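Enquirer: I am attaching a structure below and will ask some questions about it afterwards.
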Amino acid sequence: MMVEYLKNQAARCMSLARVCFDLETARQLRLLAEDLKAKADEIAGKGQAQSRTMQQQQLQQLQQQQQQQQNDDDE
(Lines give C-alpha, C1' and ligand atoms only; values in the text may rest on other atoms or scores of the structure.)
Protein backbone atom coordinates (compact mmCIF):
# COMPACT_ATOMS: atom_id res chain seq x y z
CA MET A 1 0.00 0.00 0.00
CA MET A 2 2.82 2.39 0.91
CA VAL A 3 4.67 1.47 -2.27
CA GLU A 4 1.62 2.27 -4.40
CA TYR A 5 1.17 5.62 -2.64
CA LEU A 6 4.80 6.59 -3.23
CA LYS A 7 4.61 5.61 -6.90
CA ASN A 8 1.43 7.65 -7.34
CA GLN A 9 3.07 10.67 -5.72
CA ALA A 10 6.08 10.26 -8.01
CA ALA A 11 3.79 10.17 -11.04
CA ARG A 12 2.03 13.33 -9.87
CA CYS A 13 5.33 15.12 -9.43
CA MET A 14 6.40 14.13 -12.94
CA SER A 15 3.07 15.32 -14.38
CA LEU A 16 3.47 18.67 -12.62
CA ALA A 17 7.06 18.96 -13.82
CA ARG A 18 5.94 18.51 -17.44
CA VAL A 19 3.50 21.41 -17.32
CA CYS A 20 5.54 23.71 -15.07
CA PHE A 21 6.91 26.82 -16.77
CA ASP A 22 9.50 27.54 -14.10
CA LEU A 23 12.53 25.43 -14.99
CA GLU A 24 13.93 25.26 -11.45
CA THR A 25 10.59 24.15 -10.01
CA ALA A 26 10.23 21.56 -12.78
CA ARG A 27 13.72 20.27 -11.99
CA GLN A 28 12.91 20.02 -8.28
CA LEU A 29 9.69 18.16 -9.05
CA ARG A 30 11.58 15.67 -11.24
CA LEU A 31 14.15 15.12 -8.50
CA LEU A 32 11.39 14.59 -5.95
CA ALA A 33 9.69 12.12 -8.29
CA GLU A 34 12.95 10.17 -8.68
CA ASP A 35 13.43 10.07 -4.90
CA LEU A 36 9.88 8.89 -4.31
CA LYS A 37 10.18 6.16 -6.94
CA ALA A 38 13.52 5.02 -5.53
CA LYS A 39 12.03 4.81 -2.04
CA ALA A 40 9.06 2.83 -3.36
CA ASP A 41 11.42 0.43 -5.15
CA GLU A 42 13.52 0.08 -2.00
CA ILE A 43 10.48 -0.76 0.12
CA ALA A 44 9.17 -3.20 -2.48
CA GLY A 45 12.58 -4.88 -2.67
CA LYS A 46 12.80 -5.27 1.09
CA GLY A 47 9.32 -6.76 1.18
CA GLN A 48 10.24 -9.30 -1.47
CA ALA A 49 13.49 -10.15 0.28
CA GLN A 50 11.67 -10.68 3.57
CA SER A 51 9.11 -12.90 1.85
CA ARG A 52 11.84 -15.05 0.32
CA THR A 53 13.62 -15.34 3.66
CA MET A 54 10.40 -16.38 5.36
CA GLN A 55 9.68 -18.95 2.65
CA GLN A 56 13.19 -20.38 3.02
CA GLN A 57 12.76 -20.66 6.79
CA GLN A 58 9.42 -22.41 6.40
CA LEU A 59 10.93 -24.81 3.87
CA GLN A 60 13.81 -25.61 6.23
CA GLN A 61 11.37 -26.28 9.08
CA LEU A 62 9.32 -28.57 6.87
CA GLN A 63 12.42 -30.46 5.77
CA GLN A 64 13.52 -30.85 9.38
CA GLN A 65 10.10 -32.17 10.34
CA GLN A 66 10.17 -34.64 7.46
CA GLN A 67 13.67 -35.78 8.41
CA GLN A 68 12.61 -36.24 12.03
CA GLN A 69 9.55 -38.20 10.98
CA GLN A 70 11.67 -40.37 8.72
CA ASN A 71 14.11 -41.02 11.56
CA ASP A 72 11.23 -41.95 13.87
CA ASP A 73 9.86 -44.36 11.24
CA ASP A 74 13.28 -46.00 10.84
CA GLU A 75 13.48 -46.81 14.56
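Just so we're on the same page: first chain in the C-alpha coordinates is A, next is B, and so on; residues restart at 1 for each chain, and ligands are numbered from 1 in the order they show up.
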Neighbouring residues of A:Ala40 were defined as those with any atom within 10 Å, considering only C-alpha atoms; residues of the same chain fewer than 2 positions away were excluded. Please report them as a VMD selection string.

Expert: chain A and resid 2 to 8 10 34 to 38 42 to 46

Enquirer: Go ahead and dump the residues you just picked, N, CA and C atoms, as a short mmCIF file (atom, residue, chain, number, x, y, z; two decimals), in the first residue's frame.

Expert:
```cif
data_model
loop_
_atom_site.label_atom_id
_atom_site.label_comp_id
_atom_site.auth_asym_id
_atom_site.auth_seq_id
_atom_site.Cartn_x
_atom_site.Cartn_y
_atom_site.Cartn_z
N MET A 2 1.91 1.26 0.86
CA MET A 2 2.82 2.39 0.91
C MET A 2 3.56 2.55 -0.41
N VAL A 3 3.94 1.44 -1.01
CA VAL A 3 4.67 1.47 -2.27
C VAL A 3 3.80 2.11 -3.35
N GLU A 4 2.54 1.71 -3.40
CA GLU A 4 1.62 2.27 -4.40
C GLU A 4 1.45 3.77 -4.20
N TYR A 5 1.32 4.19 -2.95
CA TYR A 5 1.17 5.62 -2.64
C TYR A 5 2.39 6.40 -3.13
N LEU A 6 3.58 5.89 -2.83
CA LEU A 6 4.80 6.59 -3.23
C LEU A 6 4.92 6.67 -4.75
N LYS A 7 4.56 5.60 -5.43
CA LYS A 7 4.61 5.61 -6.90
C LYS A 7 3.61 6.60 -7.48
N ASN A 8 2.42 6.68 -6.88
CA ASN A 8 1.43 7.65 -7.34
C ASN A 8 1.91 9.08 -7.13
N ALA A 10 5.01 10.04 -7.03
CA ALA A 10 6.08 10.26 -8.01
C ALA A 10 5.49 10.60 -9.37
N GLU A 34 11.93 11.23 -8.66
CA GLU A 34 12.95 10.17 -8.68
C GLU A 34 13.19 9.62 -7.27
N ASP A 35 13.23 10.51 -6.30
CA ASP A 35 13.43 10.07 -4.90
C ASP A 35 12.27 9.21 -4.42
N LEU A 36 11.06 9.65 -4.73
CA LEU A 36 9.88 8.89 -4.31
C LEU A 36 9.85 7.50 -4.96
N LYS A 37 10.17 7.46 -6.25
CA LYS A 37 10.18 6.16 -6.94
C LYS A 37 11.26 5.25 -6.38
N ALA A 38 12.43 5.82 -6.09
CA ALA A 38 13.52 5.02 -5.53
C ALA A 38 13.12 4.46 -4.16
N GLU A 42 12.77 0.60 -3.15
CA GLU A 42 13.52 0.08 -2.00
C GLU A 42 12.59 -0.68 -1.06
N ILE A 43 11.44 -0.10 -0.77
CA ILE A 43 10.48 -0.76 0.12
C ILE A 43 9.97 -2.05 -0.51
N ALA A 44 9.66 -2.00 -1.79
CA ALA A 44 9.17 -3.20 -2.48
C ALA A 44 10.23 -4.28 -2.48
N GLY A 45 11.48 -3.91 -2.68
CA GLY A 45 12.58 -4.88 -2.67
C GLY A 45 12.77 -5.52 -1.32
N LYS A 46 12.67 -4.73 -0.26
CA LYS A 46 12.80 -5.27 1.09
C LYS A 46 11.66 -6.24 1.38
#
```

Enquirer: So which one's closest to A:Lys39, A:Gln9, A:Gln70, A:Gln65, A:Thr25? Using only C-alpha atoms, please.

Expert: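 Distance minimum relative to A:Lys39 lands on A:Gln9.
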
Enquirer: Would you mind reading off the distance between atom CA of A:Ala33 and atom CA of A:Ala11, one decimal, in Å?

Expert: 6.8 Å
